[in-house]
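File shown: entry_39.txt. Contents: compact mmCIF, C-alpha atoms.
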```txt
# COMPACT_ATOMS: atom_id res chain seq x y z
CA MET A 1 -30.00 -96.16 -31.79
CA THR A 2 -29.30 -92.71 -33.17
CA LYS A 3 -28.71 -89.57 -31.20
CA VAL A 4 -29.53 -86.37 -33.01
CA ARG A 5 -28.34 -82.94 -31.90
CA VAL A 6 -31.21 -80.51 -32.06
CA ALA A 7 -30.27 -77.40 -30.03
CA GLU A 8 -33.58 -75.66 -30.68
CA SER A 9 -35.57 -73.53 -28.28
CA VAL A 10 -38.66 -75.27 -26.95
CA LEU A 11 -40.29 -71.84 -26.71
CA LYS A 12 -39.72 -70.90 -30.35
CA ALA A 13 -43.25 -71.77 -31.45
CA ASN A 14 -44.70 -69.39 -28.86
CA ASP A 15 -42.05 -66.76 -29.58
CA ALA A 16 -42.78 -66.84 -33.32
CA VAL A 17 -46.47 -66.16 -32.71
CA ALA A 18 -45.56 -63.43 -30.21
CA HIS A 19 -43.38 -61.83 -32.87
CA ASP A 20 -46.33 -61.87 -35.31
CA ASN A 21 -48.61 -60.35 -32.65
CA ARG A 22 -46.14 -57.52 -32.11
CA ARG A 23 -45.85 -56.84 -35.85
CA ARG A 24 -49.62 -56.85 -36.19
CA MET A 25 -50.02 -54.34 -33.35
CA ASP A 26 -47.14 -52.18 -34.63
CA ALA A 27 -48.81 -52.01 -38.04
CA ALA A 28 -52.07 -50.87 -36.38
CA GLY A 29 -50.31 -48.37 -34.13
CA VAL A 30 -51.26 -50.30 -30.98
CA VAL A 31 -48.96 -50.24 -27.95
CA CYS A 32 -49.40 -53.27 -25.71
CA VAL A 33 -48.70 -53.72 -22.00
CA ASN A 34 -48.77 -57.13 -20.29
CA MET A 35 -50.07 -56.82 -16.69
CA MET A 36 -48.91 -59.60 -14.37
CA SER A 37 -49.54 -60.32 -10.71
CA ALA A 38 -51.11 -62.69 -8.24
CA PRO A 39 -54.90 -63.12 -8.43
CA GLY A 40 -56.72 -60.50 -6.40
CA SER A 41 -54.02 -57.84 -6.58
CA GLY A 42 -56.48 -55.45 -8.19
CA LYS A 43 -55.60 -55.50 -11.89
CA THR A 44 -59.19 -55.26 -13.11
CA THR A 45 -60.26 -52.51 -10.70
CA LEU A 46 -57.15 -50.52 -11.53
CA LEU A 47 -57.92 -50.74 -15.25
CA GLN A 48 -61.58 -49.84 -14.67
CA LYS A 49 -60.43 -46.67 -12.92
CA THR A 50 -57.56 -45.70 -15.22
CA ILE A 51 -58.97 -46.35 -18.70
CA PRO A 52 -61.28 -43.29 -18.50
CA MET A 53 -58.37 -41.21 -17.15
CA LEU A 54 -56.20 -42.12 -20.12
CA ALA A 55 -58.54 -40.48 -22.67
CA PRO A 56 -57.96 -39.35 -25.38
CA LEU A 57 -55.85 -42.51 -25.53
CA ARG A 58 -58.25 -45.26 -26.55
CA CYS A 59 -57.71 -48.41 -24.49
CA GLY A 60 -58.55 -52.05 -25.09
CA VAL A 61 -58.17 -55.07 -22.83
CA LEU A 62 -57.56 -58.75 -23.39
CA VAL A 63 -58.21 -60.46 -20.09
CA GLY A 64 -57.20 -64.01 -19.21
CA ASP A 65 -58.79 -66.21 -16.58
CA LEU A 66 -59.34 -69.92 -16.24
CA GLN A 67 -63.11 -69.46 -16.15
CA THR A 68 -65.92 -66.87 -16.35
CA THR A 69 -66.31 -63.57 -18.22
CA ARG A 70 -66.61 -61.59 -14.98
CA ASP A 71 -63.55 -59.41 -15.59
CA ALA A 72 -64.54 -58.62 -19.17
CA ASP A 73 -68.06 -57.78 -18.00
CA ARG A 74 -66.68 -55.32 -15.48
CA LEU A 75 -64.29 -53.77 -17.99
CA SER A 76 -66.90 -53.42 -20.72
CA GLU A 77 -68.21 -50.32 -18.96
CA ALA A 78 -64.82 -48.65 -19.47
CA THR A 79 -64.22 -49.74 -23.06
CA SER A 80 -66.03 -51.57 -25.85
CA GLN A 81 -62.74 -53.14 -26.96
CA VAL A 82 -62.52 -55.92 -24.40
CA MET A 83 -62.28 -59.66 -24.85
CA GLN A 84 -62.16 -62.41 -22.25
CA ILE A 85 -59.87 -65.36 -22.91
CA ASN A 86 -60.68 -68.46 -20.88
CA THR A 87 -57.61 -70.63 -20.54
CA GLY A 88 -59.44 -73.60 -19.00
CA ARG A 89 -56.59 -75.38 -17.24
CA GLY A 90 -53.91 -72.95 -18.41
CA CYS A 91 -52.07 -70.95 -15.74
CA HIS A 92 -50.83 -68.27 -18.16
CA LEU A 93 -51.77 -66.75 -21.49
CA SER A 94 -49.96 -67.99 -24.60
CA ALA A 95 -49.09 -65.96 -27.70
CA LYS A 96 -51.58 -68.06 -29.67
CA GLN A 97 -54.44 -67.18 -27.32
CA VAL A 98 -53.51 -63.52 -27.63
CA ALA A 99 -53.43 -63.83 -31.44
CA GLU A 100 -56.96 -65.20 -31.32
CA GLY A 101 -57.98 -62.40 -28.96
CA LEU A 102 -56.47 -59.74 -31.23
CA ALA A 103 -58.55 -61.06 -34.12
CA THR A 104 -61.73 -60.22 -32.19
CA LEU A 105 -60.74 -56.60 -31.49
CA ASP A 106 -60.86 -53.56 -33.76
CA LEU A 107 -57.18 -52.64 -33.54
CA ALA A 108 -57.75 -49.42 -35.52
CA SER A 109 -59.73 -48.05 -32.59
CA ILE A 110 -57.14 -48.94 -29.92
CA ASP A 111 -54.05 -46.95 -28.94
CA LEU A 112 -53.13 -48.84 -25.78
CA LEU A 113 -53.96 -52.49 -25.29
CA PHE A 114 -53.68 -53.97 -21.82
CA ILE A 115 -53.30 -57.71 -21.52
CA GLU A 116 -54.51 -58.71 -18.08
CA ASN A 117 -52.69 -61.99 -17.67
CA VAL A 118 -53.96 -64.93 -15.62
CA GLY A 119 -53.34 -64.19 -11.94
CA ASN A 120 -50.10 -66.04 -11.25
CA MET A 121 -46.63 -64.88 -10.19
CA VAL A 122 -44.59 -67.61 -11.86
CA CYS A 123 -46.01 -69.08 -15.05
CA PRO A 124 -46.76 -65.98 -17.20
CA VAL A 125 -43.18 -64.69 -16.90
CA GLY A 126 -41.61 -67.01 -19.49
CA PHE A 127 -44.18 -66.50 -22.22
CA ASP A 128 -43.77 -63.58 -24.61
CA LEU A 129 -47.20 -62.53 -25.86
CA GLY A 130 -46.01 -59.86 -28.28
CA GLU A 131 -46.34 -57.04 -25.74
CA HIS A 132 -44.11 -53.96 -25.80
CA GLY A 133 -43.81 -53.72 -22.04
CA ARG A 134 -44.63 -55.43 -18.78
CA VAL A 135 -46.14 -54.12 -15.59
CA ALA A 136 -45.95 -56.20 -12.41
CA LEU A 137 -48.31 -55.53 -9.53
CA LEU A 138 -47.93 -56.25 -5.85
CA SER A 139 -50.89 -55.47 -3.62
CA VAL A 140 -50.30 -54.44 -0.03
CA PRO A 141 -52.31 -57.31 1.56
CA GLU A 142 -50.06 -59.86 -0.16
CA GLY A 143 -47.17 -58.80 2.08
CA ALA A 144 -43.95 -56.89 1.57
CA ASP A 145 -41.80 -59.99 1.08
CA LYS A 146 -43.10 -60.91 -2.39
CA VAL A 147 -40.48 -59.16 -4.54
CA ALA A 148 -37.76 -61.31 -2.99
CA LYS A 149 -39.94 -64.41 -3.18
CA TYR A 150 -40.91 -64.00 -6.86
CA PRO A 151 -37.93 -62.09 -8.28
CA THR A 152 -38.30 -63.12 -11.93
CA LEU A 153 -41.73 -61.47 -12.14
CA TYR A 154 -40.37 -58.11 -11.04
CA GLN A 155 -37.03 -58.45 -12.85
CA CYS A 156 -38.76 -58.39 -16.25
CA ALA A 157 -41.10 -55.48 -15.41
CA ASP A 158 -40.92 -52.00 -16.94
CA ALA A 159 -42.92 -50.62 -14.01
CA VAL A 160 -43.96 -52.02 -10.64
CA LEU A 161 -47.26 -50.96 -9.10
CA LEU A 162 -47.87 -51.27 -5.39
CA SER A 163 -51.66 -51.47 -5.45
CA LYS A 164 -54.13 -51.01 -2.59
CA SER A 165 -51.61 -48.54 -1.18
CA ASP A 166 -54.31 -47.07 1.09
CA LEU A 167 -53.76 -50.17 3.25
CA VAL A 168 -50.06 -49.50 3.90
CA GLU A 169 -50.71 -47.78 7.22
CA HIS A 170 -53.34 -50.28 8.37
CA LEU A 171 -51.28 -53.40 7.76
CA GLU A 172 -47.89 -52.27 9.09
CA PHE A 173 -46.60 -52.83 5.58
CA ASP A 174 -42.80 -52.65 5.28
CA LEU A 175 -42.39 -50.36 2.28
CA ASP A 176 -38.62 -50.17 2.82
CA MET A 177 -38.40 -53.93 2.33
CA VAL A 178 -40.12 -53.64 -1.06
CA ARG A 179 -37.81 -50.82 -2.13
CA SER A 180 -34.65 -52.56 -1.00
CA ASP A 181 -35.68 -55.92 -2.54
CA LEU A 182 -36.46 -54.15 -5.81
CA ASP A 183 -32.99 -52.58 -5.80
CA HIS A 184 -31.57 -56.09 -6.11
CA VAL A 185 -33.93 -57.13 -8.90
CA THR A 186 -34.39 -54.04 -11.04
CA THR A 187 -33.27 -50.45 -10.69
CA THR A 188 -34.95 -49.32 -13.92
CA ALA A 189 -38.63 -50.04 -13.23
CA PRO A 190 -40.24 -47.23 -11.21
CA LEU A 191 -42.26 -48.23 -8.14
CA ILE A 192 -45.64 -46.52 -8.25
CA LEU A 193 -47.86 -46.58 -5.16
CA CYS A 194 -51.51 -46.42 -6.11
CA SER A 195 -54.95 -47.04 -4.74
CA ALA A 196 -57.92 -47.56 -7.04
CA LYS A 197 -60.12 -47.00 -3.96
CA THR A 198 -58.87 -43.55 -2.94
CA GLY A 199 -57.44 -42.54 -6.31
CA ALA A 200 -54.01 -41.87 -4.81
CA GLY A 201 -51.19 -42.43 -7.28
CA LEU A 202 -53.47 -43.06 -10.25
CA ASP A 203 -52.24 -39.86 -11.93
CA GLU A 204 -48.68 -41.10 -11.68
CA TRP A 205 -49.61 -44.49 -13.12
CA ALA A 206 -51.57 -42.88 -15.96
CA ALA A 207 -48.64 -40.56 -16.68
CA TRP A 208 -46.31 -43.56 -16.83
CA ALA A 209 -48.69 -45.29 -19.29
CA ARG A 210 -48.93 -42.18 -21.52
CA GLN A 211 -45.16 -41.80 -21.53
CA PHE A 212 -44.73 -45.49 -22.31
CA VAL A 213 -47.02 -45.21 -25.35
CA LYS A 214 -45.02 -42.21 -26.55
CA SER A 215 -41.66 -43.90 -26.13
CA VAL A 216 -42.78 -47.08 -27.95
CA ARG A 217 -44.19 -45.04 -30.81
CA ALA A 218 -40.98 -43.01 -30.99
CA GLY A 219 -39.09 -46.30 -31.15
CA THR A 220 -37.04 -45.64 -28.04
CA MET B 1 -47.62 -75.52 -13.77
CA HIS B 2 -46.32 -73.88 -16.95
CA GLU B 3 -44.40 -77.15 -17.31
CA LEU B 4 -47.45 -78.59 -19.05
CA SER B 5 -47.31 -76.09 -21.92
CA ILE B 6 -43.54 -76.57 -22.10
CA ALA B 7 -44.03 -80.35 -22.32
CA GLU B 8 -46.66 -79.94 -25.05
CA SER B 9 -44.32 -77.73 -27.05
CA LEU B 10 -41.45 -80.17 -26.51
CA MET B 11 -43.61 -83.08 -27.65
CA ARG B 12 -44.52 -81.30 -30.90
CA GLN B 13 -40.82 -80.69 -31.62
CA ILE B 14 -39.95 -84.33 -30.93
CA GLU B 15 -42.74 -85.63 -33.16
CA GLN B 16 -41.67 -83.39 -36.04
CA LEU B 17 -38.07 -84.48 -35.63
CA ALA B 18 -38.98 -88.16 -35.42
CA ALA B 19 -41.10 -87.89 -38.56
CA ARG B 20 -38.30 -86.15 -40.43
CA HIS B 21 -35.91 -88.98 -39.54
CA HIS B 22 -38.49 -91.74 -40.09
CA ALA B 23 -37.77 -92.86 -36.55
CA THR B 24 -39.67 -95.84 -35.21
CA ARG B 25 -39.13 -94.97 -31.57
CA VAL B 26 -37.81 -92.19 -29.36
CA ASP B 27 -35.69 -93.54 -26.49
CA GLY B 28 -34.23 -90.47 -24.83
CA VAL B 29 -34.56 -86.71 -24.77
CA GLU B 30 -32.13 -84.16 -23.32
CA VAL B 31 -33.45 -80.75 -22.36
CA GLU B 32 -31.55 -77.76 -20.99
CA THR B 33 -33.61 -75.46 -18.82
CA GLY B 34 -32.45 -71.92 -18.10
CA VAL B 35 -32.96 -71.19 -14.41
CA MET B 36 -34.75 -67.92 -15.25
CA ARG B 37 -37.61 -70.00 -16.67
CA LEU B 38 -38.31 -71.58 -13.29
CA VAL B 39 -38.86 -75.07 -14.64
CA GLU B 40 -39.57 -77.57 -11.88
CA HIS B 41 -37.88 -80.78 -13.03
CA GLU B 42 -40.34 -83.21 -11.49
CA ALA B 43 -43.30 -81.22 -12.83
CA LEU B 44 -41.81 -81.27 -16.35
CA ARG B 45 -41.13 -85.00 -16.04
CA SER B 46 -44.72 -85.76 -15.03
CA ALA B 47 -46.10 -83.45 -17.70
CA PHE B 48 -43.91 -85.13 -20.33
CA GLU B 49 -45.12 -88.55 -19.21
CA VAL B 50 -48.71 -87.39 -19.68
CA VAL B 51 -48.27 -85.75 -23.10
CA SER B 52 -46.04 -88.53 -24.50
CA GLU B 53 -48.46 -91.30 -23.63
CA GLY B 54 -49.52 -93.14 -26.78
CA THR B 55 -46.92 -91.31 -28.89
CA ILE B 56 -43.62 -92.39 -30.41
CA ALA B 57 -41.89 -91.03 -27.29
CA GLN B 58 -43.87 -92.97 -24.71
CA GLY B 59 -41.49 -94.20 -22.01
CA ALA B 60 -38.55 -92.16 -23.33
CA ARG B 61 -35.91 -91.09 -20.82
CA LEU B 62 -36.02 -87.37 -20.13
CA ALA B 63 -32.75 -85.80 -18.94
CA ILE B 64 -33.09 -82.25 -17.66
CA THR B 65 -30.07 -80.04 -17.00
CA ASP B 66 -30.30 -76.57 -15.48
CA VAL B 67 -28.40 -73.78 -17.16
CA PRO B 68 -27.31 -71.09 -14.67
CA ALA B 69 -28.09 -67.46 -15.38
CA LEU B 70 -25.55 -65.00 -16.69
CA ALA B 71 -26.36 -61.30 -16.69
CA ARG B 72 -24.73 -58.38 -18.49
CA CYS B 73 -24.99 -54.98 -16.83
CA ARG B 74 -26.44 -52.40 -19.23
CA ALA B 75 -24.82 -49.63 -17.23
CA CYS B 76 -21.19 -50.80 -17.09
CA GLY B 77 -21.06 -53.92 -19.26
CA ALA B 78 -19.90 -56.28 -16.51
CA GLU B 79 -20.96 -59.91 -16.90
CA TYR B 80 -21.81 -61.84 -13.77
CA ALA B 81 -23.90 -64.66 -12.36
CA PRO B 82 -26.73 -63.29 -10.25
CA GLY B 83 -26.41 -63.91 -6.53
CA ASP B 84 -28.66 -66.03 -4.36
CA ARG B 85 -32.40 -65.55 -4.94
CA PHE B 86 -31.75 -63.82 -8.29
CA ASP B 87 -29.88 -60.86 -6.88
CA PHE B 88 -29.17 -58.91 -10.08
CA ALA B 89 -27.36 -55.97 -8.50
CA CYS B 90 -24.14 -55.49 -10.46
CA PRO B 91 -21.06 -56.27 -8.33
CA SER B 92 -19.25 -53.34 -9.98
CA CYS B 93 -21.79 -50.51 -10.13
CA ARG B 94 -24.65 -51.85 -7.93
CA LYS B 95 -27.29 -51.11 -10.58
CA ALA B 96 -29.77 -53.88 -11.38
CA ASP B 97 -30.32 -53.19 -15.07
CA VAL B 98 -29.37 -56.26 -17.01
CA ASP B 99 -29.68 -58.25 -20.18
CA ILE B 100 -29.93 -61.94 -19.44
CA VAL B 101 -27.33 -63.49 -21.73
CA ARG B 102 -27.68 -67.09 -20.54
CA GLY B 103 -30.18 -69.08 -18.54
CA ASP B 104 -33.27 -67.55 -20.11
CA ASP B 105 -34.20 -70.26 -22.60
CA ILE B 106 -35.36 -73.84 -22.71
CA ILE B 107 -33.46 -75.89 -25.26
CA LEU B 108 -34.20 -79.29 -26.75
CA ALA B 109 -30.58 -80.43 -26.92
CA THR B 110 -30.66 -84.00 -28.25
CA VAL B 111 -33.11 -86.73 -29.12
CA GLU B 112 -32.14 -90.39 -29.16
CA MET B 113 -34.23 -92.46 -31.52
CA ASP B 114 -34.36 -95.69 -33.47
CA VAL B 115 -33.87 -94.90 -37.13
CA PRO B 116 -33.79 -97.80 -39.63
CA VAL B 117 -30.30 -97.88 -41.22
CA ASP B 118 -31.63 -97.38 -44.73
CA GLU B 119 -33.39 -94.20 -43.57
CA GLN B 120 -30.28 -92.59 -42.08
CA VAL B 121 -29.34 -89.48 -43.97
CA GLU B 122 -25.73 -89.15 -45.03
CA GLY B 123 -23.91 -86.17 -43.59
CA ARG B 124 -26.58 -85.65 -40.94
CA ASP B 125 -25.19 -84.56 -37.60
CA TYR B 126 -25.58 -87.77 -35.62
CA ALA B 127 -23.93 -87.57 -32.24
```

Starting from the coordinates I provided, produce the structure as structure tokens.
Amino acid sequence: MTKVRVAESVLKANDAVAHDNRRRMDAAGVVCVNMMSAPGSGKTTLLQKTIPMLAPLRCGVLVGDLQTTRDADRLSEATSQVMQINTGRGCHLSAKQVAEGLATLDLASIDLLFIENVGNMVCPVGFDLGEHGRVALLSVPEGADKVAKYPTLYQCADAVLLSKSDLVEHLEFDLDMVRSDLDHVTTTAPLILCSAKTGAGLDEWAAWARQFVKSVRAGT
Amino acid sequence: MHELSIAESLMRQIEQLAARHHATRVDGVEVETGVMRLVEHEALRSAFEVVSEGTIAQGARLAITDVPALARCRACGAEYAPGDRFDFACPSCRKADVDIVRGDDIILATVEMDVPVDEQVEGRDYA
């Protein structure tokens, strides 16, 4: 019997494809944001509302779900550059699936590409897709304890959105708990309260997105 | 259950390695899982059993070792292990703005396999 030392990352195959995705988007001038959260936190509705607000930035969306094209159908009213990726049994998007998705889009007509990851607070975290930044959502009905329960999701985020914020007052939501838990996980990602229903906070979220595009393009 | 895609990736690496060494059988595999990757050992074990079925690694022992996280504060440079429940607040400056310097990867450490003596490569790093 022979024991061979390998010492190679198991994730390197995914990471290599992610690296190619990033180069491809950089070459086309596309800035990419990976949106991660539990299912039902309001990713799709938020994008439906904010894509028109972001004009003249031209947005595209790659959206991952196990089944159906429902999200892509909804988003196609906001942008023509949208592609649904069905992962079948997969609980997260992989860099390879994103590479295939990118091939279906006209990158020359996209400034900001959102990847709406499969709704899941654990599995997407470890898989680089080639994005430039990550946004983690927490919706008010999920409960204020989720940052402490799923810290790795929020630790890797460049911004944290508290969605459905119009429900804060109705659900006795402990906003202080979210803020204090976030202080232990990340003190660099801003917490943005927003409601796609009332429109509250959407300006702040759109401003963050515009600024993020600028900073990636400036290489900072 | 991201353990399934990790197991698939692991299996591809093992098959490539076994082919390169002209191995006839893979008996054992050692994997180091960084705690930041939230790999559930039993889930990875079951996933590996499924993806290795009918391959050269069917029935191979899978040893999984967790690698604790080590963070480096971007604000003050301090290196520290995060506290319970991934508390990343820096013990020196209280900011939670870190680079993860350890515990953020999944490593295929070693593979034990049967390699016919005449196929063993001289100078190869056999443990």

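CA of Val82 (chain A) lies 17.5 Å from CA of Arg24 (chain A).
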
>> If we count all atoms listed in the file and set the cut-off at 9 Å, which residues sit around region 202-216 of chain A, ignoring sequence neighbours fewer than 5 positions away in its own chain? Please answer as an MDAnalysis selection string.
In response: chainID A and resid 30:33 46 49:51 53:54 57 111:112 132:133 159 161 192:196

>> Using all atoms listed in the file and a distance of at most 9 Å, pull out the residues of chain A that contact chain B, as a ChimeraX atom specification.
In response: /A:1-14,90-92,94,122-126,148-152,155,181-188

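Comparing A:Leu137, A:Ala95, A:Val63, A:Ile85 by their smallest distance to Gly40 (chain A), the closest is A:Leu137 (using all atoms listed in the file).
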
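Going from CA of Ser165 (chain A) to CA of Ala200 (chain A) covers 8.0 Å.
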
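Relative to CA of Gly42 (chain A), CA of Val160 (chain A) is found at 13.2 Å.
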
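If you count all atoms listed in the file and ignore residues fewer than 6 places along the chain from Asp15 (chain A), what sits within 8 Å of it is Ala95, Phe127, Asp128 and Leu129 of chain A.
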
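The shortest atom-to-atom distance to Ala81 (chain B), with all atoms listed in the file taken into account, belongs to B:Ile100 out of B:Thr24, B:Ile100, B:Leu62, B:Ala19.
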
>> Show me, as a PyMOL selection string, the residues that have an atom within 7 Å of Leu93 (chain A) when counting all atoms listed in the file, minus same-chain residues fewer than 4 positions from it.
In response: chain A and resi 64+97+117-118+124

Taking all atoms of region 82-88 of chain B that appear in the file, build a box with edges along x, y and z, extend it by 5 Å on every side, and state its centre and edge lengths in Å to one decimal, as JSON.
```
{"center_x": -29.4, "center_y": -62.5, "center_z": -7.3, "size_x": 16.0, "size_y": 17.1, "size_z": 15.9}
```

Pull region 3-36 of chain B out of the block and emit C-alpha atoms, as a PDB file, in the first residue's frame.
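Full text of out-v7.pdb as output:
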```
ATOM      1  CA  GLU B   3     -21.270  18.024   0.929  1.00  0.00           C
ATOM      2  CA  LEU B   4     -22.479  16.282  -2.229  1.00  0.00           C
ATOM      3  CA  SER B   5     -20.708  18.714  -4.555  1.00  0.00           C
ATOM      4  CA  ILE B   6     -17.635  18.565  -2.317  1.00  0.00           C
ATOM      5  CA  ALA B   7     -17.678  14.754  -2.513  1.00  0.00           C
ATOM      6  CA  GLU B   8     -18.031  14.864  -6.309  1.00  0.00           C
ATOM      7  CA  SER B   9     -15.078  17.224  -6.571  1.00  0.00           C
ATOM      8  CA  LEU B  10     -13.058  15.055  -4.186  1.00  0.00           C
ATOM      9  CA  MET B  11     -13.872  11.940  -6.201  1.00  0.00           C
ATOM     10  CA  ARG B  12     -12.633  13.556  -9.432  1.00  0.00           C
ATOM     11  CA  GLN B  13      -9.338  14.465  -7.738  1.00  0.00           C
ATOM     12  CA  ILE B  14      -8.900  10.933  -6.390  1.00  0.00           C
ATOM     13  CA  GLU B  15      -9.606   9.337  -9.767  1.00  0.00           C
ATOM     14  CA  GLN B  16      -7.091  11.599 -11.515  1.00  0.00           C
ATOM     15  CA  LEU B  17      -4.483  10.833  -8.872  1.00  0.00           C
ATOM     16  CA  ALA B  18      -5.133   7.092  -9.003  1.00  0.00           C
ATOM     17  CA  ALA B  19      -4.836   7.103 -12.790  1.00  0.00           C
ATOM     18  CA  ARG B  20      -1.572   9.033 -12.632  1.00  0.00           C
ATOM     19  CA  HIS B  21      -0.126   6.446 -10.246  1.00  0.00           C
ATOM     20  CA  HIS B  22      -1.636   3.462 -12.077  1.00  0.00           C
ATOM     21  CA  ALA B  23      -3.234   2.493  -8.791  1.00  0.00           C
ATOM     22  CA  THR B  24      -5.393  -0.611  -8.705  1.00  0.00           C
ATOM     23  CA  ARG B  25      -7.305   0.392  -5.603  1.00  0.00           C
ATOM     24  CA  VAL B  26      -7.807   3.328  -3.255  1.00  0.00           C
ATOM     25  CA  ASP B  27      -7.886   2.238   0.391  1.00  0.00           C
ATOM     26  CA  GLY B  28      -7.955   5.460   2.372  1.00  0.00           C
ATOM     27  CA  VAL B  29      -8.441   9.180   1.944  1.00  0.00           C
ATOM     28  CA  GLU B  30      -7.596  11.965   4.390  1.00  0.00           C
ATOM     29  CA  VAL B  31      -9.404  15.270   4.070  1.00  0.00           C
ATOM     30  CA  GLU B  32      -8.944  18.451   6.104  1.00  0.00           C
ATOM     31  CA  THR B  33     -12.024  20.610   6.344  1.00  0.00           C
ATOM     32  CA  GLY B  34     -11.758  24.255   7.367  1.00  0.00           C
ATOM     33  CA  VAL B  35     -14.505  25.025   9.865  1.00  0.00           C
ATOM     34  CA  MET B  36     -15.545  28.110   7.856  1.00  0.00           C
TER      35      MET B  36
END
```
